[in-house]
Each structure stands twice: as C-alpha cells, then as structure tokens.
Amino acid sequence: MKALLVTESRQGKLLPCSYETLAFAQQLQADPVMFLVGSEDSLPEFSGKLYLADAAVAGEYNPEEHLRLLEEVVARENPEMIIFVHSSYGWDLAPRLAYALDAGQVSEVVDCQDGALVVPACNAKLQRVVKVAGSVTVVTLQAGAFSLADEPEGSPQVERLTAQSDGKLSFVDYEEGEPGGVDLSKADIIVSAGRGIGKPENLAMVEELATALGGEYGASRPVVDAGWTEHNRQVGSTGQTVAPKLYVACGISGAIQHLAGMKKSDFVVAINTDRDAPIGELADVLVVADLKQFLPALTASLKD
Ligand SMILES: Cc1cc2nc3c(=O)[nH]c(=O)nc-3n(C[C@H](O)[C@H](O)[C@H](O)COP(=O)(O)OP(=O)(O)OC[C@H]3O[C@@H](n4cnc5c(N)ncnc54)[C@H](O)[C@@H]3O)c2cc1C
C-alpha cells in the first residue's frame, strides 16, 4: 500500500510530530512518500521521495493552497492512504482533502489492528474499530500515539512543487506567547492534577503535596482548559514534555496525549478512584483512593 505522509514545519523548522506519520506507515508496512510545505532547511530525515513546496511562497499555512498542492501530489502518486497528525494543521486540512477526493476519513487514530483502525471513544473508555472501504482513505493520528522504534535517518529525494501565493487567504505570521512561568522540564518531582480534582479549589491539595515533596505541580489539559491553572503547567503532547525522577498523577486517567508528555518519568505514582484507569498500565504504583482524602493525609505524613 502506498501512503502519503503529510509532514509539518513551523517557523522554518520541521515539527517532530511529522515522524509519527512515518511510525504509523511502518506499522502498516506501507510504502511512504512525504509531503512538506517548508524549506530545504527543514527536511525530515527520510530515505524516500518527498514533495516539497516553498513555505515562503505558499505560506506555512494556507488551506486553499496547501490543498491544491496536496491534490497535485495525490494525482501523481495515487496513494491509498493519506496520513496527517491530528494537529491544528491536520484537523483543518484533512477533511478538506477527504472532501475534495471523495475519500473516507478516520480521525484521531491511535492504533491499527488486523488492518482496522482504532479510534478512542467516550473519553478513551471505549475504542471504536473502523474498517475502511474505498480506494483512498484520509486519516489523522492522535498526537503521541505512534513513535519510531529507531532514530530516523536518510536524506529524502526531493521533488519540488510550484507553490502559488494568491488566493483568498494568506499566512501572515505567528505571535509568540508571553515567555515566563514554570519550566517543568527541569523539575525532579512533579505532582500533577487531573480532572479528577473536581473543582479548582482542590488544586491546592496538589500544590501542597508538590511543595512537601520539594517539587513542582503540573496539570492535565482539562485542568488548564478550564482555566484552573496556567498553560505552562500543562503536561502532554500540547504541553510540556517532562522526565522527572518522580511523577505523581492525581485524578488523571492516562490519555495518550498526557502519557506522551510524562512517560519518560523514572517512577510514576497514580492516585485514582478507578482501578482500571489506563494510567495504571504505566504507573509503578497505583493508589486506588479518593484524592480528596488521600492527598491531605499523605502531605500531613510527609510534614511530620
Ligand atoms: C490534539 C490533542 C492534544 C491533547 N493534548 C493534551 C495534553 O497535552 N495534555 C493532556 O493532559 N491532555 C491532552 N489532551 C486531552 C486528552 O485526550 C485527555 O482528554 C486528557 O488528558 C484527560 O485529562 P484527565 O486525565 O485529567 O481527565 P479524565 O480523562 O476525565 O480523567 C479523570 C480521572 O480522574 C479520576 N477521578 C475522578 N474523581 C477522582 C477522585 N476523587 N480521586 C481520584 N481520582 C479521581 C477518574 O477515575 C479519571 O481516571 C489532548 C487531546 C487532543 C485531542
């Protein structure tokens, strides 16, 4: 099967998530061809054909033009599968392409079993298994779900595409967020709060345990999205990647995107009321308890 891997660059640099498409293609034992709107300085390590369009002309993001370029590559390569990461780029562009090609689309794939695609459902408590029919399928991969077993290597054989800059939209620039805040990547001990804390007032319990242990506190995305703490404390594929000596996950289920940010921790303790929570598969110790009772008791015993 031929697979077209849609890689991404931002501010002139290849995004590492691009290699997740390659890892997925390897799992499918597909024959990969890559597509990138970027520059000669942002090429992936890859031994194969790569279609390159100049981001300086096309814009790092311009859905209309990127779609046109992709359609051109699809016409030349006839891939059976077109693979995006489920990033802001992929979730915008993939459905446009699927619609243009009259192809099936499967979003947020986390696994492939016997040729069927696996997609989480109901907050990852269930999995949907999807079989694709038709000659071409567009998929997006959940960030962090696939990783290469070995470091990527090789230089691509580059085929240049002629980009155009006219159209209804043009990319202007990125605006940097305010720098500052905590750098969790340097912390040896992190205690993180998940949605299981229930309400913002309970974040104090997590913070107090972190202080008692001499560490920092972090959070899963729902806690940040709810505005209970700032984004620079988010751990995961769209937050910080951390590798502390001790990671304490409080009321965190263990979604792939969270694990992507903390799975390199040396020792993981999870506190969860659900003994079957997926975090238990990664945790060295799973404490089945209500964090509202357990955290204050643990903090008090550390202070004694
Ligand atoms: C593109 C994309 C990027 C993402 N990036 C990130 C990311 O960077 N970081 C991230 O964290 N998520 C990210 N997510 C979201 C991710 O998919 C999950 O939705 C999220 O990680 C779930 O957070 P949670 O574990 O806190 O909440 P939930 O999944 O709701 O889990 C809450 C847990 O708390 C437990 N619980 C409930 N009450 C208690 C109690 N009283 N005591 C103890 N335990 C209790 C429950 O049993 C449950 O296991 C991303 C999603 C997408 C689609």
# chains A, B, ... in the order shown; residues from 1 in each chain; ligands from 1
$ residues_near_ligand --ligand "ligand 1" --cutoff "8 Å" --atoms "only C-alpha atoms and all ligand atoms" --output "NGL selection string"
:A and (86-88 or 108 or 123-124 or 142-143 or 193-198 or 219-223 or 234-240 or 250-261 or 271-275 or 277-279 or 288-292)
$ select_by_dssp --residues "segment 42-226 of chain A" --states "strand (DSSP E or B)" --output "VMD selection string"
chain A and resid 49 to 54 81 to 85 104 to 109 111 to 113 116 to 121 126 to 130 137 to 141 157 to 161 189 to 193 216 to 219
$ select_by_dssp --residues "segment 7-242 of chain A" --states "alpha helix (DSSP H)" --output "PyMOL selection string"
chain A and resi 18-28+55-58+63-77+88-101+203-213+221-225
$ closest_residue --among "A:Ser165, A:Thr229, A:Thr140, A:Asn202" --to "Ala58 of chain A" --atoms "only C-alpha atoms"
A:Ser165
$ atom_distance --atom1 "atom CA of Pro152 of chain A" --atom2 "atom CA of Val6 of chain A"
16.0 Å
$ residues_around --residues "segment 36-45 of chain A" --least-positions-apart "5" --cutoff "6 Å" --atoms "only C-alpha atoms" --output "short mmCIF file (atom, residue, chain, number, x, y, z; two decimals) with N, CA and C atoms, in the first residue's frame"
data_model
loop_
_atom_site.label_atom_id
_atom_site.label_comp_id
_atom_site.auth_asym_id
_atom_site.auth_seq_id
_atom_site.Cartn_x
_atom_site.Cartn_y
_atom_site.Cartn_z
N THR A 7 3.76 15.97 6.35
CA THR A 7 4.61 16.45 7.45
C THR A 7 4.41 17.96 7.62
N SER A 9 5.97 21.90 9.04
CA SER A 9 7.05 22.74 9.57
C SER A 9 6.43 24.00 10.17
N LYS A 13 11.09 25.27 10.89
CA LYS A 13 11.63 24.03 11.47
C LYS A 13 10.62 22.90 11.30
N LEU A 14 11.14 21.71 11.00
CA LEU A 14 10.26 20.55 10.90
C LEU A 14 9.69 20.23 12.27
N LEU A 52 8.22 18.78 -1.97
CA LEU A 52 8.47 19.99 -1.19
C LEU A 52 7.93 21.22 -1.90
N ALA A 53 7.12 21.97 -1.16
CA ALA A 53 6.67 23.27 -1.67
C ALA A 53 7.25 24.34 -0.76
N ASP A 54 7.58 25.47 -1.32
CA ASP A 54 8.27 26.52 -0.57
C ASP A 54 7.27 27.29 0.32
N ALA A 55 7.50 27.18 1.64
CA ALA A 55 6.59 27.87 2.57
C ALA A 55 6.69 29.38 2.45
N PRO A 152 15.14 8.39 13.17
CA PRO A 152 15.00 8.47 11.71
C PRO A 152 16.35 8.77 11.06
N GLU A 153 16.53 8.30 9.86
CA GLU A 153 17.78 8.60 9.16
C GLU A 153 17.55 8.64 7.66
N GLY A 154 18.53 9.19 6.95
CA GLY A 154 18.47 9.25 5.49
C GLY A 154 18.15 10.65 5.00
N SER A 155 18.39 10.86 3.71
CA SER A 155 18.08 12.15 3.08
C SER A 155 17.04 11.91 2.01
#
$ residues_around --residues "Ala210 of chain A" --least-positions-apart "4" --cutoff "9 Å" --atoms "only C-alpha atoms" --output "MDAnalysis selection string"
chainID A and resid 189:192 205:206 214:217 248 299
$ write_last_selection --atoms "N, CA, C and O atoms" --output "PDB file, in the first residue's frame"
ATOM      1  N   ILE A 189      10.736  16.397  40.682  1.00  0.00           N
ATOM      2  CA  ILE A 189       9.492  15.834  41.233  1.00  0.00           C
ATOM      3  C   ILE A 189       8.322  16.678  40.735  1.00  0.00           C
ATOM      4  O   ILE A 189       8.352  17.905  40.838  1.00  0.00           O
ATOM      5  N   ILE A 190       7.340  16.007  40.153  1.00  0.00           N
ATOM      6  CA  ILE A 190       6.143  16.725  39.671  1.00  0.00           C
ATOM      7  C   ILE A 190       4.901  16.017  40.196  1.00  0.00           C
ATOM      8  O   ILE A 190       4.776  14.788  40.075  1.00  0.00           O
ATOM      9  N   VAL A 191       4.015  16.794  40.776  1.00  0.00           N
ATOM     10  CA  VAL A 191       2.709  16.271  41.203  1.00  0.00           C
ATOM     11  C   VAL A 191       1.682  16.946  40.301  1.00  0.00           C
ATOM     12  O   VAL A 191       1.586  18.170  40.279  1.00  0.00           O
ATOM     13  N   SER A 192       0.950  16.156  39.532  1.00  0.00           N
ATOM     14  CA  SER A 192       0.037  16.751  38.547  1.00  0.00           C
ATOM     15  C   SER A 192      -1.425  16.528  38.892  1.00  0.00           C
ATOM     16  O   SER A 192      -1.809  15.449  39.359  1.00  0.00           O
ATOM     17  N   MET A 205      -4.535  21.134  47.135  1.00  0.00           N
ATOM     18  CA  MET A 205      -4.044  19.855  47.713  1.00  0.00           C
ATOM     19  C   MET A 205      -2.859  19.327  46.920  1.00  0.00           C
ATOM     20  O   MET A 205      -1.914  18.764  47.466  1.00  0.00           O
ATOM     21  N   VAL A 206      -2.955  19.496  45.606  1.00  0.00           N
ATOM     22  CA  VAL A 206      -1.892  19.001  44.713  1.00  0.00           C
ATOM     23  C   VAL A 206      -0.646  19.870  44.896  1.00  0.00           C
ATOM     24  O   VAL A 206       0.475  19.368  45.014  1.00  0.00           O
ATOM     25  N   GLY A 214       9.077  18.865  47.738  1.00  0.00           N
ATOM     26  CA  GLY A 214      10.160  19.674  47.156  1.00  0.00           C
ATOM     27  C   GLY A 214      10.105  19.716  45.640  1.00  0.00           C
ATOM     28  O   GLY A 214      11.133  19.849  44.969  1.00  0.00           O
ATOM     29  N   GLY A 215       8.910  19.593  45.090  1.00  0.00           N
ATOM     30  CA  GLY A 215       8.775  19.592  43.635  1.00  0.00           C
ATOM     31  C   GLY A 215       7.865  20.698  43.116  1.00  0.00           C
ATOM     32  O   GLY A 215       7.578  21.676  43.813  1.00  0.00           O
ATOM     33  N   GLU A 216       7.419  20.532  41.891  1.00  0.00           N
ATOM     34  CA  GLU A 216       6.529  21.488  41.225  1.00  0.00           C
ATOM     35  C   GLU A 216       5.194  20.804  40.976  1.00  0.00           C
ATOM     36  O   GLU A 216       5.113  19.585  40.949  1.00  0.00           O
ATOM     37  N   TYR A 217       4.173  21.599  40.737  1.00  0.00           N
ATOM     38  CA  TYR A 217       2.918  20.960  40.340  1.00  0.00           C
ATOM     39  C   TYR A 217       2.639  21.206  38.866  1.00  0.00           C
ATOM     40  O   TYR A 217       3.033  22.217  38.295  1.00  0.00           O
ATOM     41  N   VAL A 248       3.730  12.185  40.136  1.00  0.00           N
ATOM     42  CA  VAL A 248       2.526  11.754  40.861  1.00  0.00           C
ATOM     43  C   VAL A 248       1.313  12.283  40.098  1.00  0.00           C
ATOM     44  O   VAL A 248       1.118  13.494  39.979  1.00  0.00           O
ATOM     45  N   THR A 299       0.283  14.390  52.517  1.00  0.00           N
ATOM     46  CA  THR A 299       1.038  15.626  52.769  1.00  0.00           C
ATOM     47  C   THR A 299       1.295  15.789  54.265  1.00  0.00           C
ATOM     48  O   THR A 299       2.407  16.121  54.685  1.00  0.00           O
TER      49      THR A 299
END
$ residues_around --residues "Ala212 of chain A" --least-positions-apart "3" --cutoff "7 Å" --atoms "only C-alpha atoms" --output "number ranges by chain"
A: 208-209, 299, 302-303
$ write_last_selection --atoms "C-alpha atoms" --output "PDB file, in the first residue's frame"
ATOM      1  CA  GLU A 208       0.727  21.397  48.864  1.00  0.00           C
ATOM      2  CA  LEU A 209       1.892  17.836  48.165  1.00  0.00           C
ATOM      3  CA  THR A 299       1.038  15.626  52.769  1.00  0.00           C
ATOM      4  CA  LEU A 302       5.394  13.994  54.951  1.00  0.00           C
ATOM      5  CA  LYS A 303       5.360  17.065  57.181  1.00  0.00           C
TER       6      LYS A 303
END
$ atom_distance --atom1 "atom CA of Pro32 of chain A" --atom2 "atom CA of Asn62 of chain A"
24.1 Å
$ closest_residue --among "A:Gly167, A:Gly104, A:Gly227, A:Pro63" --to "Tyr89 of chain A" --atoms "only C-alpha atoms"
A:Pro63
$ closest_residue --among "A:Cys17, A:Val106, A:Leu282, A:Val182" --to "Val268 of chain A" --atoms "only C-alpha atoms"
A:Leu282
$ residues_around --residues "segment 91-94 of chain A" --least-positions-apart "6" --cutoff "9 Å" --atoms "only C-alpha atoms" --output "MDAnalysis selection string"
chainID A and resid 63:64 66:67 82:85 105 107 138:140
$ write_last_selection --atoms "all heavy atoms" --output "CSV table (one decimal), in the first residue's frame"
chain,number,residue,atom,x,y,z
A,63,PRO,N,-4.9,27.0,3.8
A,63,PRO,CA,-5.6,25.8,3.5
A,63,PRO,C,-5.8,25.6,2.0
A,63,PRO,O,-5.7,24.5,1.4
A,63,PRO,CB,-6.9,25.9,4.3
A,63,PRO,CG,-6.9,27.3,4.8
A,63,PRO,CD,-5.6,27.9,4.8
A,64,GLU,N,-6.2,26.7,1.3
A,64,GLU,CA,-6.6,26.6,-0.1
A,64,GLU,C,-5.4,26.1,-0.9
A,64,GLU,O,-5.5,25.2,-1.7
A,64,GLU,CB,-7.0,28.0,-0.5
A,64,GLU,CG,-8.0,28.1,-1.6
A,64,GLU,CD,-8.2,29.6,-1.9
A,64,GLU,OE1,-8.2,30.4,-1.0
A,64,GLU,OE2,-8.3,29.9,-3.1
A,66,HIS,N,-2.4,24.8,0.2
A,66,HIS,CA,-1.9,23.5,0.6
A,66,HIS,C,-2.8,22.4,0.1
A,66,HIS,O,-2.3,21.3,-0.3
A,66,HIS,CB,-1.8,23.4,2.2
A,66,HIS,CG,-0.7,24.3,2.7
A,66,HIS,ND1,0.0,24.0,3.9
A,66,HIS,CD2,-0.1,25.5,2.2
A,66,HIS,CE1,0.9,25.0,4.1
A,66,HIS,NE2,0.8,25.9,3.1
A,67,LEU,N,-4.1,22.6,0.1
A,67,LEU,CA,-5.0,21.6,-0.5
A,67,LEU,C,-4.7,21.4,-2.0
A,67,LEU,O,-4.6,20.3,-2.5
A,67,LEU,CB,-6.4,22.1,-0.3
A,67,LEU,CG,-7.5,21.2,-1.0
A,67,LEU,CD1,-7.5,19.8,-0.4
A,67,LEU,CD2,-8.9,21.8,-0.8
A,82,ILE,N,-3.7,8.6,3.1
A,82,ILE,CA,-3.1,9.9,3.3
A,82,ILE,C,-3.1,10.2,4.8
A,82,ILE,O,-4.2,10.2,5.4
A,82,ILE,CB,-3.8,11.0,2.4
A,82,ILE,CG1,-3.8,10.6,1.0
A,82,ILE,CG2,-3.1,12.4,2.6
A,82,ILE,CD1,-4.8,11.3,0.2
A,83,ILE,N,-1.9,10.4,5.3
A,83,ILE,CA,-1.8,10.4,6.8
A,83,ILE,C,-1.4,11.8,7.3
A,83,ILE,O,-0.3,12.3,6.9
A,83,ILE,CB,-0.8,9.3,7.2
A,83,ILE,CG1,-1.2,8.0,6.7
A,83,ILE,CG2,-0.7,9.3,8.7
A,83,ILE,CD1,-0.1,6.9,6.8
A,84,PHE,N,-2.2,12.4,8.2
A,84,PHE,CA,-1.9,13.6,8.9
A,84,PHE,C,-1.7,13.3,10.3
A,84,PHE,O,-2.3,12.3,10.9
A,84,PHE,CB,-3.1,14.6,8.8
A,84,PHE,CG,-3.4,15.1,7.4
A,84,PHE,CD1,-4.1,14.4,6.5
A,84,PHE,CD2,-3.0,16.4,7.0
A,84,PHE,CE1,-4.4,14.9,5.2
A,84,PHE,CE2,-3.3,16.9,5.8
A,84,PHE,CZ,-4.0,16.2,4.9
A,85,VAL,N,-1.1,14.2,11.1
A,85,VAL,CA,-1.2,14.2,12.5
A,85,VAL,C,-2.4,15.0,12.9
A,85,VAL,O,-2.8,16.0,12.2
A,85,VAL,CB,0.1,14.9,13.2
A,85,VAL,CG1,-0.1,15.0,14.7
A,85,VAL,CG2,1.3,14.1,12.8
A,105,GLN,N,-12.8,9.4,5.7
A,105,GLN,CA,-11.8,10.0,6.6
A,105,GLN,C,-12.0,9.3,8.0
A,105,GLN,O,-13.1,9.2,8.5
A,105,GLN,CB,-12.0,11.5,6.7
A,105,GLN,CG,-10.9,12.0,7.7
A,105,GLN,CD,-11.0,13.5,7.9
A,105,GLN,OE1,-11.4,14.2,7.0
A,105,GLN,NE2,-10.5,13.9,9.1
A,107,SER,N,-10.6,10.0,11.9
A,107,SER,CA,-9.8,11.0,12.7
A,107,SER,C,-9.4,10.4,14.0
A,107,SER,O,-10.1,9.6,14.6
A,107,SER,CB,-10.7,12.2,12.9
A,107,SER,OG,-11.0,12.8,11.7
A,138,VAL,N,-8.3,9.1,4.1
A,138,VAL,CA,-7.6,10.1,4.8
A,138,VAL,C,-7.6,9.8,6.3
A,138,VAL,O,-8.7,9.6,6.8
A,138,VAL,CB,-8.2,11.5,4.4
A,138,VAL,CG1,-7.4,12.6,5.2
A,138,VAL,CG2,-8.1,11.8,2.9
A,139,VAL,N,-6.5,9.8,6.9
A,139,VAL,CA,-6.5,9.6,8.4
A,139,VAL,C,-5.8,10.7,9.1
A,139,VAL,O,-4.8,11.3,8.6
A,139,VAL,CB,-6.0,8.2,8.8
A,139,VAL,CG1,-6.7,7.1,8.2
A,139,VAL,CG2,-4.5,8.1,8.6
A,140,THR,N,-6.2,11.0,10.3
A,140,THR,CA,-5.4,11.8,11.2
A,140,THR,C,-5.0,10.9,12.4
A,140,THR,O,-5.8,10.1,12.9
A,140,THR,CB,-6.1,13.1,11.7
A,140,THR,OG1,-7.2,12.7,12.5
A,140,THR,CG2,-6.6,13.9,10.5
$ atom_distance --atom1 "atom CA of Ala133 of chain A" --atom2 "atom CA of Ala103 of chain A"
9.3 Å
